[in-house]
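Accompanying notes for the structure given below.
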Amino acid sequence: MSAVPAPARAPAEAAAGARNVRRRRLRTALRHAILIGWSLVILFPIYWMIATSFKDSGEWVTWPPHWIPHQPTLKNYQQIFAPDTMKAGVAREATEQPFNVWGPLADSLLICTVSALVALLLGTFLAYSISRFNVGGRHFRHAILMIRMVPPIVLAIPLLMYYAIMIPLATETVLGARIVLFDTRLGVSAIYIATTLPFVIWMMLTFIDEVPYTLEHAARMMGAGRTYTLRRVVLPLVASGMVVTFLFVFILNWAEFLLALTLTHPDVVTLPVLLNKFQSASEGRLFGPQAAIGTIITIPVVVVGILIQKHLIKGFSFGTIRK
Amino acid sequence: MSEAQATGTVGVAPLGSPWHRLGAWLASERVFRLLPFIAVEAIFVLVIIIPFLLTVYISFLKWRANRPFEQAVLSGFENYVQVLTEPGFWTALGRTFYFAACAVTLELVIGFVLAMLVSRTVRGKGLYITILLVPMMIVPVVVGYNFTMLYIDSGPINQLIAPFVAPFGIDPRIRWLSHPVAAQWAVILADVWQWTSLTFLIFLSGFAALPKQLVNAARVMGASAWQIFWRVELPLLKPAIVIAVVIRSMEALKIFDPVVLLTAGGPGTSSQSIAFYLWEQVWVFNKFSFGAAASIILLFIFATLIFLGIYLLVRSSTAVARGVR
């Protein structure tokens, strides 16, 4: 294209330019329309749940449905947070059936925190060994992801038999005491640690690979020991990565349903299992309290997720943006 | 420089104390390298390998959970024959692949389009990314619950379609989850709603990593937007597409939570996924040795797919490395 357009062609070019501008505007508008449309698709089910959690029992299922609660109430939240509703005696109606969120909330928090911490600790050290010494061979990085790809149902059936039958039998013959891992927090935590370790290793590898080895080398040269170098040089540099990994693994455990449903029955209840308990039609669907539980499960995770979003994008790029 | 000297210079515990010696031993090259490896492998062996071997043993027994385990007798390959000749198993497996194919295709297409649109947006980009990534963070059980609320006969979906179906004399209060095909699509759509965010995320980082010089060079050389997309951007995005396909297919084949929450496998068995089918066989019908045999067969099927997936992943990631270099 010549630097100075011929004067005769100027009006035609101006018209083309205007057309281009108009077309670009139209395209931008269309783009925003599609994106806003999909955003609404995403936000609507979440809005509907939150709205339902503020509806009284009469409003849960009406025709036509109420898009905004006509009489907003906190009853559902009071019901799930009420301290031992069991004592209040027999519930008068199905909608006042006692179910309390405190126990499951404590179970979920305990199991998720402990298993995420243990997995993080072990995974970080292993990631360090893989990154620095190539422990386990060249393909160990990929091999370890395979565990993650095994469907949980294939793990759940063996684990149920293992926890409920084999460990009690083995401990009884060897130690003389029956140890049952079925329906214990320890049992659930153990399998959560095993299933999230691949993720921890994978994510921590991307962070540790970025720490220049020369830094460590310099520290070693100046007389620092292995543990000292690790503690004072490497760990501070990957600390933010560890926080992100911890939160990510915590969210994974928080959302896990199949294994928790399988390996616990009456005593230990995690939040997803609690939500499922009231899903069967025979109990009279308790949409309101369910929505309240759903909101309680969702809000903290979404807030944390948005906070670590930038790191999640990095962690999930699976090497596509590694330069 | 030996390890003992190195730790000695900064050691906290006094020299020669048992703690110091333990510390020095832990820090020695050999132990330090292998300790985390052994610990992690020990966990895998205890929690995954031993239960798996136990399952192999149980799969050769003739045993249901209502009888004591000690009295079970070996039955050879009876359970395997039973699983392989059981039509329910194959139907559920086929249906799982059908679910996965439908869901993953939709997720890929929608996620790709959204990522392309977002990557070309300037205003509000951060907000769009935040909103589009929200479904990924929502607990799948909650997603299942949310969608039951949308699909119930007096839910908002029926209200929205009411003006279109009412003139034909159809009651708009359709029970979606009571119809076999609609129930299957309810499960698929719930999965699409949730996991399009993941494909979107993968493609978004793919678009962000596109080398700008190549695209600009093509533009300067007079390529149209259409040509740039098909000839330059799409080939460069191939690794991201492979990653999205592999990861999403692997996850979609595990589908369980929305099935339980939305349809509980029903109506009848029409929306059972393989995970739900096995779960029901074991926990509802107590067919433990049947479940054990079925899960081993399933593991073989999945292992083949996993190896294929890993192979594709490794190949595409090395292709990226070569391309960048």
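By convention here, the chains of the structure tokens are called A, B, ... in the order presented, each chain's residues are numbered starting at 1, and ligands are numbered starting at 1 in the order presented.
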Within 12 Å of A:Val243 using only C-alpha atoms, minus same-chain residues under 6 positions, as a ChimeraX atom specification: /A:116-117,120-121,124,200,203-204,207,235-237,249-250,304,307-308,311-312
Hey, what's within 9 Å of B:Ala208 if we count only C-alpha atoms and toss same-chain stuff fewer than 3 positions away? As a list of chain:residue names, please? A:Ile321, B:Ser119, B:Phe203, B:Leu204, B:Ser205, B:Pro211
Select from chain A every residue with an atom at most 7 Å from any atom of chain B, then for each give the shortest pair of atoms and their distance in Å to one decimal, using only C-alpha atoms, rows by chain and rising number, as CSV.
```
residue,atom,partner,partner_atom,distance
A:Arg31,CA,B:Leu117,CA,6.2
A:Ser39,CA,B:Ile131,CA,6.3
A:Ile42,CA,B:Pro135,CA,7.0
A:Pro45,CA,B:Asn146,CA,5.8
A:Met49,CA,B:Asn146,CA,6.1
A:Val61,CA,B:Ser154,CA,6.2
A:Thr62,CA,B:Ser154,CA,6.3
A:Trp63,CA,B:Ser154,CA,5.4
A:Pro64,CA,B:Gln159,CA,6.5
A:Pro65,CA,B:Gly155,CA,6.1
A:Leu122,CA,B:Pro36,CA,6.3
A:Phe125,CA,B:Pro36,CA,5.8
A:Leu126,CA,B:Pro36,CA,4.9
A:Ser129,CA,B:Arg33,CA,5.7
A:Phe133,CA,B:Arg33,CA,6.9
A:Met146,CA,B:Ile306,CA,6.8
A:Met149,CA,B:Met250,CA,6.3
A:Pro151,CA,B:Lys254,CA,5.4
A:Ile153,CA,B:Ala275,CA,5.7
A:Val154,CA,B:Ser295,CA,5.2
A:Ile157,CA,B:Ala292,CA,6.7
A:Pro158,CA,B:Pro51,CA,5.0
A:Leu159,CA,B:Pro51,CA,5.7
A:Tyr162,CA,B:Pro51,CA,5.4
A:Ile191,CA,B:Val47,CA,6.3
A:Ala194,CA,B:Phe44,CA,6.1
A:Gly223,CA,B:Ala6,CA,5.5
A:Ala224,CA,B:Ala6,CA,5.9
A:Gly225,CA,B:Thr7,CA,4.3
A:Arg226,CA,B:Ala27,CA,5.7
A:Thr227,CA,B:Ala27,CA,6.0
A:Ala255,CA,B:Val139,CA,4.6
A:Phe257,CA,B:Asp257,CA,6.9
A:Pro272,CA,B:Val141,CA,6.0
A:Asn276,CA,B:Leu261,CA,6.7
A:Gln279,CA,B:Leu261,CA,6.7
A:Gly294,CA,B:Val142,CA,5.6
A:Thr298,CA,B:Ile138,CA,5.9
A:Val301,CA,B:Met137,CA,6.5
A:Val302,CA,B:Met137,CA,5.7
A:Gly305,CA,B:Met137,CA,6.3
A:Ile306,CA,B:Thr130,CA,6.7
A:Ile313,CA,B:Leu201,CA,6.6
A:Phe316,CA,B:Ile202,CA,6.8
A:Ser317,CA,B:Ile202,CA,5.7
A:Gly319,CA,B:Ser317,CA,6.9
A:Thr320,CA,B:Gly206,CA,6.3
A:Ile321,CA,B:Ala209,CA,5.4
A:Lys323,CA,B:Val324,CA,6.8
```
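When DSSP is run on the backbone, the residues of stretch 42-150 of chain B that fall into strand (DSSP E) are Leu61, Lys62, Val73 and Leu74 of chain B.
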What's the 8 Å shell around stretch 174-183 of chain A, counting only C-alpha atoms, without same-chain residues fewer than 4 positions away, as a PyMOL selection string? chain A and resi 160+163-164+167-170+187-188+263-268
Residues of stretch 76-128 of chain B classed as helix (DSSP H, G or I) by DSSP on the backbone are to be reported as a PyMOL selection string. chain B and resi 78-84+87-119+125-128
Tell me, as a VMD selection string, which residues lie within 12 Å of B:Ser271, counting only C-alpha atoms; anything in the same chain fewer than 6 positions away does not count. chain B and resid 88 91 to 96 98 to 99 177 to 188 255 to 256 258 to 265 277
Which neighbours of A:Ile111 fall inside 9 Å, counting only C-alpha atoms, when residues of the same chain fewer than 3 positions from it are skipped, and could you give them as a PyMOL selection string? chain A and resi 106-108+114-116+185-186+188-189+192+253-254+270
Output for the residues just chosen: N, CA and C atoms as a PDB file, in the first residue's frame:
```pdb
ATOM      1  N   ALA A 106     -18.367 -29.913  59.630  1.00  0.00           N
ATOM      2  CA  ALA A 106     -17.125 -30.194  60.361  1.00  0.00           C
ATOM      3  C   ALA A 106     -16.378 -31.351  59.708  1.00  0.00           C
ATOM      4  N   ASP A 107     -17.112 -32.426  59.357  1.00  0.00           N
ATOM      5  CA  ASP A 107     -16.481 -33.580  58.708  1.00  0.00           C
ATOM      6  C   ASP A 107     -15.794 -33.152  57.419  1.00  0.00           C
ATOM      7  N   SER A 108     -16.534 -32.420  56.582  1.00  0.00           N
ATOM      8  CA  SER A 108     -15.987 -32.001  55.295  1.00  0.00           C
ATOM      9  C   SER A 108     -14.744 -31.159  55.489  1.00  0.00           C
ATOM     10  N   VAL A 114      -7.138 -31.809  56.170  1.00  0.00           N
ATOM     11  CA  VAL A 114      -6.056 -32.729  56.525  1.00  0.00           C
ATOM     12  C   VAL A 114      -5.509 -33.414  55.282  1.00  0.00           C
ATOM     13  N   SER A 115      -6.420 -33.924  54.433  1.00  0.00           N
ATOM     14  CA  SER A 115      -5.905 -34.678  53.293  1.00  0.00           C
ATOM     15  C   SER A 115      -5.201 -33.742  52.314  1.00  0.00           C
ATOM     16  N   ALA A 116      -5.692 -32.514  52.160  1.00  0.00           N
ATOM     17  CA  ALA A 116      -5.010 -31.587  51.249  1.00  0.00           C
ATOM     18  C   ALA A 116      -3.626 -31.239  51.793  1.00  0.00           C
ATOM     19  N   ARG A 185     -13.226 -41.000  59.275  1.00  0.00           N
ATOM     20  CA  ARG A 185     -12.624 -39.848  58.598  1.00  0.00           C
ATOM     21  C   ARG A 185     -11.252 -40.217  58.052  1.00  0.00           C
ATOM     22  N   LEU A 186     -10.533 -41.076  58.793  1.00  0.00           N
ATOM     23  CA  LEU A 186      -9.202 -41.487  58.349  1.00  0.00           C
ATOM     24  C   LEU A 186      -9.280 -42.206  57.005  1.00  0.00           C
ATOM     25  N   VAL A 188     -11.567 -42.033  54.629  1.00  0.00           N
ATOM     26  CA  VAL A 188     -11.884 -41.131  53.524  1.00  0.00           C
ATOM     27  C   VAL A 188     -10.670 -40.265  53.198  1.00  0.00           C
ATOM     28  N   SER A 189      -9.997 -39.763  54.264  1.00  0.00           N
ATOM     29  CA  SER A 189      -8.829 -38.904  54.014  1.00  0.00           C
ATOM     30  C   SER A 189      -7.759 -39.661  53.244  1.00  0.00           C
ATOM     31  N   TYR A 192      -8.497 -39.789  49.652  1.00  0.00           N
ATOM     32  CA  TYR A 192      -8.399 -38.442  49.069  1.00  0.00           C
ATOM     33  C   TYR A 192      -6.941 -38.063  48.842  1.00  0.00           C
ATOM     34  N   ASN A 253     -11.382 -32.069  46.788  1.00  0.00           N
ATOM     35  CA  ASN A 253     -11.900 -32.944  47.840  1.00  0.00           C
ATOM     36  C   ASN A 253     -13.278 -32.511  48.294  1.00  0.00           C
ATOM     37  N   TRP A 254     -13.455 -31.223  48.374  1.00  0.00           N
ATOM     38  CA  TRP A 254     -14.724 -30.635  48.816  1.00  0.00           C
ATOM     39  C   TRP A 254     -15.853 -31.102  47.897  1.00  0.00           C
ATOM     40  N   THR A 270     -20.187 -36.219  54.485  1.00  0.00           N
ATOM     41  CA  THR A 270     -19.635 -34.983  53.932  1.00  0.00           C
ATOM     42  C   THR A 270     -20.787 -34.190  53.314  1.00  0.00           C
TER      43      THR A 270
END
```
Rounded to one decimal, what separation in Å do you get between atom CA of B:His20 and atom CA of A:Arg220?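 Answer for the atom CA of B:His20 to atom CA of A:Arg220 separation: 18.7 Å.
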Pairwise distance for atom CA of B:Thr196 and atom CA of B:Phe112, rounded to one decimal in Å: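 Atom CA of B:Phe112 lies 9.0 Å from atom CA of B:Thr196.
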Can you tell me which residues surround A:Leu105 at a distance of at most 9 Å, considering only C-alpha atoms, apart from same-chain residues fewer than 6 positions away, and format the answer as a list in words?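 My reading of the contact set: Val269, Thr270, Leu271 and Ile297 of chain A.
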